[in-house]
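Containing PDB, C-alpha atoms: entry_19.pdb.
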```
MODEL        1
ATOM      1  CA  MET A 149     120.668 105.833 107.220
ATOM      2  CA  GLU A 150     119.849 108.759 105.012
ATOM      3  CA  GLU A 151     118.633 112.173 106.016
ATOM      4  CA  THR A 152     117.299 114.877 103.775
ATOM      5  CA  ARG A 153     117.899 118.518 104.405
ATOM      6  CA  ASP A 154     115.104 120.994 104.943
ATOM      7  CA  ILE A 155     114.373 123.237 102.007
ATOM      8  CA  PRO A 156     114.316 126.937 102.951
ATOM      9  CA  ALA A 157     111.190 128.906 102.012
ATOM     10  CA  GLU A 158     113.183 131.046  99.554
ATOM     11  CA  GLU A 159     114.189 127.876  97.674
ATOM     12  CA  LEU A 160     110.523 126.954  97.314
ATOM     13  CA  SER A 161     109.860 130.429  95.923
ATOM     14  CA  ALA A 162     112.707 129.924  93.458
ATOM     15  CA  LEU A 163     111.220 126.560  92.432
ATOM     16  CA  ARG A 164     107.856 128.195  91.737
ATOM     17  CA  ASN A 165     109.392 130.985  89.660
ATOM     18  CA  PRO A 166     109.966 129.877  86.028
ATOM     19  CA  ALA A 167     113.001 132.205  85.761
ATOM     20  CA  THR A 168     114.833 130.563  88.696
ATOM     21  CA  ARG A 169     113.284 127.091  88.618
ATOM     22  CA  ARG A 170     116.150 125.318  86.855
ATOM     23  CA  GLY A 171     118.870 126.267  89.344
ATOM     24  CA  ALA A 172     116.604 125.712  92.345
ATOM     25  CA  PHE A 173     115.576 122.327  90.995
ATOM     26  CA  ASP A 174     119.217 121.334  90.538
ATOM     27  CA  ARG A 175     119.774 122.142  94.223
ATOM     28  CA  LEU A 176     116.667 120.152  95.143
ATOM     29  CA  VAL A 177     117.995 117.164  93.198
ATOM     30  CA  GLY A 178     121.321 117.532  94.993
ATOM     31  CA  ALA A 179     119.575 117.446  98.362
ATOM     32  CA  TYR A 180     117.251 114.510  97.629
ATOM     33  CA  LEU A 181     118.982 112.341  95.037
ATOM     34  CA  ARG A 182     120.741 110.027  97.476
ATOM     35  CA  PRO A 183     117.901 109.640 100.020
ATOM     36  CA  LEU A 184     115.329 108.990  97.285
ATOM     37  CA  TYR A 185     117.641 106.514  95.565
ATOM     38  CA  TRP A 186     117.973 104.460  98.762
ATOM     39  CA  HIS A 187     114.258 104.709  99.450
ATOM     40  CA  ALA A 188     113.526 103.392  95.958
ATOM     41  CA  ARG A 189     116.263 100.766  96.205
ATOM     42  CA  ARG A 190     114.724  99.317  99.360
ATOM     43  CA  LEU A 191     111.416  99.021  97.515
ATOM     44  CA  VAL A 192     112.505  97.708  94.112
ATOM     45  CA  VAL A 193     115.829  96.075  95.191
ATOM     46  CA  VAL A 194     117.596  96.265  91.816
ATOM     47  CA  HIS A 195     120.037  99.173  91.342
ATOM     48  CA  GLU A 196     118.975  99.977  87.780
ATOM     49  CA  ASP A 197     115.293  99.951  88.750
ATOM     50  CA  ALA A 198     115.981 102.320  91.651
ATOM     51  CA  GLU A 199     117.800 104.677  89.294
ATOM     52  CA  ASP A 200     114.796 104.577  86.935
ATOM     53  CA  VAL A 201     112.421 105.315  89.815
ATOM     54  CA  VAL A 202     114.467 108.304  90.947
ATOM     55  CA  GLN A 203     114.818 109.659  87.427
ATOM     56  CA  GLU A 204     111.061 109.357  86.863
ATOM     57  CA  THR A 205     110.427 110.936  90.270
ATOM     58  CA  PHE A 206     112.438 114.031  89.416
ATOM     59  CA  ILE A 207     110.887 114.294  85.956
ATOM     60  CA  ARG A 208     107.398 114.185  87.468
ATOM     61  CA  ALA A 209     108.363 116.614  90.210
ATOM     62  CA  TYR A 210     109.844 119.082  87.713
ATOM     63  CA  ASP A 211     106.739 118.869  85.550
ATOM     64  CA  LYS A 212     104.420 119.469  88.542
ATOM     65  CA  ILE A 213     106.472 121.810  90.749
ATOM     66  CA  GLY A 214     104.517 124.804  89.467
ATOM     67  CA  THR A 215     101.320 123.268  90.859
ATOM     68  CA  PHE A 216     102.799 122.256  94.229
ATOM     69  CA  ARG A 217     100.869 124.197  96.867
ATOM     70  CA  GLY A 218     102.458 122.900 100.049
ATOM     71  CA  GLY A 219     105.002 124.651 102.197
ATOM     72  CA  ALA A 220     108.759 124.169 102.169
ATOM     73  CA  GLY A 221     108.463 121.627 104.989
ATOM     74  CA  GLU A 222     106.147 119.481 102.862
ATOM     75  CA  LEU A 223     108.317 119.357  99.763
ATOM     76  CA  GLY A 224     110.355 116.359 100.954
ATOM     77  CA  ALA A 225     107.212 114.361 101.763
ATOM     78  CA  TRP A 226     105.842 115.233  98.315
ATOM     79  CA  LEU A 227     109.018 113.922  96.641
ATOM     80  CA  TYR A 228     108.919 110.744  98.723
ATOM     81  CA  ARG A 229     105.267 110.254  97.791
ATOM     82  CA  ILE A 230     106.089 110.551  94.092
ATOM     83  CA  ALA A 231     109.034 108.142  94.486
ATOM     84  CA  THR A 232     106.915 105.653  96.449
ATOM     85  CA  ASN A 233     104.108 105.720  93.906
ATOM     86  CA  THR A 234     106.578 105.402  91.023
ATOM     87  CA  ALA A 235     108.262 102.405  92.672
ATOM     88  CA  LEU A 236     104.924 100.720  93.412
ATOM     89  CA  THR A 237     103.812 101.269  89.809
ATOM     90  CA  MET A 238     107.017  99.606  88.630
ATOM     91  CA  LEU A 239     106.429  96.661  90.961
ATOM     92  CA  ARG A 240     102.803  96.292  89.837
ATOM     93  CA  ARG A 241     104.000  95.959  86.249
ATOM     94  CA  ARG A 242     106.259  93.109  87.329
ATOM     95  CA  ARG A 243     103.580  90.994  88.993
ATOM     96  CA  PRO A 244     103.888  87.394  87.887
ATOM     97  CA  GLY A 245     100.144  87.047  87.311
ATOM     98  CA  LEU A 246      97.019  89.117  86.953
ATOM     99  CA  PHE A 247      95.812  88.301  90.455
ATOM    100  CA  SER A 248      99.116  88.332  92.283
ATOM    101  CA  SER A 249      99.728  91.034  94.861
ATOM    102  CA  LEU A 250     102.617  93.385  95.484
ATOM    103  CA  ASP A 251     103.394  91.207  98.506
ATOM    104  CA  ASP A 252     104.006  88.330  96.056
ATOM    105  CA  VAL A 253     106.379  90.550  94.079
ATOM    106  CA  SER A 254     108.154  91.486  97.316
ATOM    107  CA  ARG A 255     108.762  87.836  98.155
ATOM    108  CA  ILE A 256     110.299  87.366  94.709
ATOM    109  CA  LEU A 257     112.498  90.421  95.296
ATOM    110  CA  ALA A 258     113.568  89.027  98.683
ATOM    111  CA  SER A 259     115.203  86.163  96.814
ATOM    112  CA  ARG A 260     117.155  88.685  94.684
ATOM    113  CA  VAL A 261     118.616  90.629  97.606
ATOM    114  CA  ALA A 262     121.617  88.334  98.048
ATOM    115  CA  GLU A 263     122.635  88.516  94.391
ATOM    116  CA  GLU A 264     122.178  92.303  94.338
ATOM    117  CA  CYS A 265     124.377  92.695  97.424
ATOM    118  CA  GLY A 266     127.177  90.493  96.140
ATOM    119  CA  GLU A 267     129.295  87.819  97.771
ATOM    120  CA  ASP A 268     131.113  90.188 100.129
ATOM    121  CA  ALA A 269     127.905  91.420 101.775
ATOM    122  CA  ASP A 270     127.299  90.913 105.475
ATOM    123  CA  ARG A 271     124.944  87.905 105.643
ATOM    124  CA  THR A 272     123.124  89.331 108.668
ATOM    125  CA  LEU A 273     122.310  92.544 106.800
ATOM    126  CA  VAL A 274     121.228  90.592 103.731
ATOM    127  CA  ARG A 275     118.881  88.493 105.858
ATOM    128  CA  PHE A 276     117.564  91.647 107.531
ATOM    129  CA  GLN A 277     116.751  93.135 104.106
ATOM    130  CA  GLN A 278     115.079  89.904 103.031
ATOM    131  CA  ALA A 279     112.986  89.873 106.202
ATOM    132  CA  ILE A 280     111.895  93.461 105.554
ATOM    133  CA  LEU A 281     110.826  92.532 102.015
ATOM    134  CA  GLU A 282     108.724  89.718 103.448
ATOM    135  CA  LEU A 283     106.658  92.170 105.512
ATOM    136  CA  PRO A 284     103.226  93.172 104.210
ATOM    137  CA  LEU A 285     103.588  96.197 101.937
ATOM    138  CA  LYS A 286     102.107  98.832 104.265
ATOM    139  CA  GLN A 287     104.261  97.678 107.163
ATOM    140  CA  ARG A 288     107.337  97.629 104.952
ATOM    141  CA  LEU A 289     106.731 101.148 103.670
ATOM    142  CA  VAL A 290     106.263 102.544 107.173
ATOM    143  CA  PHE A 291     109.228 100.612 108.531
ATOM    144  CA  ASN A 292     111.562 101.812 105.779
ATOM    145  CA  LEU A 293     110.536 105.449 106.095
ATOM    146  CA  ARG A 294     110.745 105.431 109.890
ATOM    147  CA  TYR A 295     113.824 103.252 110.382
ATOM    148  CA  TYR A 296     116.031 104.208 107.449
ATOM    149  CA  ASP A 297     114.858 107.714 106.599
ATOM    150  CA  ARG A 298     114.098 108.647 110.222
ATOM    151  CA  MET A 299     110.893 110.363 109.224
ATOM    152  CA  PRO A 300     108.494 111.490 111.898
ATOM    153  CA  TYR A 301     105.056 109.903 111.707
ATOM    154  CA  GLY A 302     103.484 113.184 110.572
ATOM    155  CA  GLU A 303     105.685 113.255 107.488
ATOM    156  CA  ILE A 304     105.126 109.551 106.810
ATOM    157  CA  ALA A 305     101.396 110.292 106.971
ATOM    158  CA  ARG A 306     101.851 112.906 104.227
ATOM    159  CA  VAL A 307     103.922 110.505 102.117
ATOM    160  CA  LEU A 308     101.529 107.567 102.395
ATOM    161  CA  GLY A 309      98.255 109.451 102.828
ATOM    162  CA  GLN A 310      97.326 107.632 106.041
ATOM    163  CA  ARG A 311      96.621 108.564 109.647
ATOM    164  CA  GLU A 312      99.524 108.722 112.075
ATOM    165  CA  GLU A 313      97.878 106.279 114.489
ATOM    166  CA  THR A 314      97.559 103.691 111.725
ATOM    167  CA  LEU A 315     101.208 104.163 110.809
ATOM    168  CA  LYS A 316     102.328 103.720 114.407
ATOM    169  CA  VAL A 317     100.433 100.433 114.598
ATOM    170  CA  ASN A 318     101.914  99.273 111.281
ATOM    171  CA  TYR A 319     105.420 100.168 112.446
ATOM    172  CA  HIS A 320     104.921  98.343 115.737
ATOM    173  CA  HIS A 321     103.683  95.207 113.939
ATOM    174  CA  ALA A 322     106.586  95.398 111.483
ATOM    175  CA  VAL A 323     109.137  95.577 114.276
ATOM    176  CA  GLN A 324     107.496  92.672 116.118
ATOM    177  CA  LYS A 325     107.432  90.518 112.965
ATOM    178  CA  LEU A 326     111.067  91.289 112.209
ATOM    179  CA  LYS A 327     112.123  90.450 115.766
ATOM    180  CA  GLU A 328     110.212  87.154 115.685
ATOM    181  CA  LYS A 329     111.477  86.172 112.249
ATOM    182  CA  LEU A 330     115.099  87.038 112.875
ATOM    183  CA  THR A 331     115.112  85.495 116.370
ATOM    184  CA  ARG A 332     113.719  82.224 114.994
ATOM    185  CA  GLU A 333     116.508  82.083 112.436
ATOM    186  CA  LEU A 334     119.345  82.470 114.944
TER     187      LEU A 334
ENDMDL
END
```
For the file at hand, write its structure as structure tokens.
Amino acid sequence: MEETRDIPAEELSALRNPATRRGAFDRLVGAYLRPLYWHARRLVVVHEDAEDVVQETFIRAYDKIGTFRGGAGELGAWLYRIATNTALTMLRRRRPGLFSSLDDVSRILASRVAEECGEDADRTLVRFQQAILELPLKQRLVFNLRYYDRMPYGEIARVLGQREETLKVNYHHAVQKLKEKLTREL
């Protein structure tokens, strides 16, 4: 499970200042590279795609950091929102048909998990990842952010632009579906 570090207010000031932006942004990348990579990887499954998502996320963030008006505590949620939207855009481009949904793409990705993990992977963990990919998209997003990234619901609400109560319900349903699915397969 990944955790990000809080960005001090003075770092946010350095990010907003064109004279100090480069160094501050390098530190921001150092703090968020790994967590954002794993967040993207859980969404797009393929290593190379996750790297592309993270690279695009940091490019977009660098281009827009001067217009970011949130506080230091909101910077992580902003980066996760950019990464989530970038990953979903990538998945939309990969839809097998004009009218297929991102849930259809997720089911296709679920079949790729085993090959991405390799032969030495723990089969239980592979099945767990496949079961997560079979969740409806909103439930999967909330589950990943809460379970893996240990985000509080308030921050998830900022990332996904939804109400906390809705996210709590989605998380609850995701957990119940995972329990049912994995229990049936035992």
Restrict the calculation to only C-alpha atoms, then for each residue of segment 183-246 of chain A with any atom at most 8 Å from an atom of segment 291-311 of chain A give the closest atom pair and their distance in Å to one decimal, rows by chain and rising residue number, as a tab-separated table.
```
residue	atom	partner	partner_atom	distance
A:Pro183	CA	A:Asp297	CA	7.5
A:His187	CA	A:Asn292	CA	7.5
A:Arg190	CA	A:Asn292	CA	7.6
A:Glu222	CA	A:Glu303	CA	7.8
A:Ala225	CA	A:Val307	CA	5.1
A:Trp226	CA	A:Val307	CA	6.4
A:Tyr228	CA	A:Val307	CA	6.0
A:Arg229	CA	A:Val307	CA	4.5
```
Hits from the PyMOL selection byres ((chain A and resi 231) around 9), listed as JSON, numbers by chain: {"A": [184, 185, 187, 188, 201, 202, 204, 205, 206, 226, 227, 228, 229, 230, 232, 233, 234, 235, 236]}
Export C-alpha atoms of the chosen residues as a PDB file, in the coordinates of the input?
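Wrote it out as selection-v4.pdb, contents follow:
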```
ATOM      1  CA  LEU A 184     115.329 108.990  97.285  1.00  0.00           C
ATOM      2  CA  TYR A 185     117.641 106.514  95.565  1.00  0.00           C
ATOM      3  CA  HIS A 187     114.258 104.709  99.450  1.00  0.00           C
ATOM      4  CA  ALA A 188     113.526 103.392  95.958  1.00  0.00           C
ATOM      5  CA  VAL A 201     112.421 105.315  89.815  1.00  0.00           C
ATOM      6  CA  VAL A 202     114.467 108.304  90.947  1.00  0.00           C
ATOM      7  CA  GLU A 204     111.061 109.357  86.863  1.00  0.00           C
ATOM      8  CA  THR A 205     110.427 110.936  90.270  1.00  0.00           C
ATOM      9  CA  PHE A 206     112.438 114.031  89.416  1.00  0.00           C
ATOM     10  CA  TRP A 226     105.842 115.233  98.315  1.00  0.00           C
ATOM     11  CA  LEU A 227     109.018 113.922  96.641  1.00  0.00           C
ATOM     12  CA  TYR A 228     108.919 110.744  98.723  1.00  0.00           C
ATOM     13  CA  ARG A 229     105.267 110.254  97.791  1.00  0.00           C
ATOM     14  CA  ILE A 230     106.089 110.551  94.092  1.00  0.00           C
ATOM     15  CA  THR A 232     106.915 105.653  96.449  1.00  0.00           C
ATOM     16  CA  ASN A 233     104.108 105.720  93.906  1.00  0.00           C
ATOM     17  CA  THR A 234     106.578 105.402  91.023  1.00  0.00           C
ATOM     18  CA  ALA A 235     108.262 102.405  92.672  1.00  0.00           C
ATOM     19  CA  LEU A 236     104.924 100.720  93.412  1.00  0.00           C
TER      20      LEU A 236
END
```
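Among the candidates A:Leu257, A:Ala209, A:Leu273, A:Val194, the residue lying nearest to Phe173 of chain A is A:Ala209 (atoms considered: all atoms listed in the file).
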So which residues touch segment 218-220 of chain A within 10 Å, counting all atoms listed in the file, skipping near sequence neighbours fewer than 2 positions away, as a PyMOL selection string? chain A and resi 154-161+215-216+222-226
Would you compute the distance between atom CA of Ala198 of chain A and atom CA of Lys286 of chain A? Give it in Å to one decimal. 19.1 Å
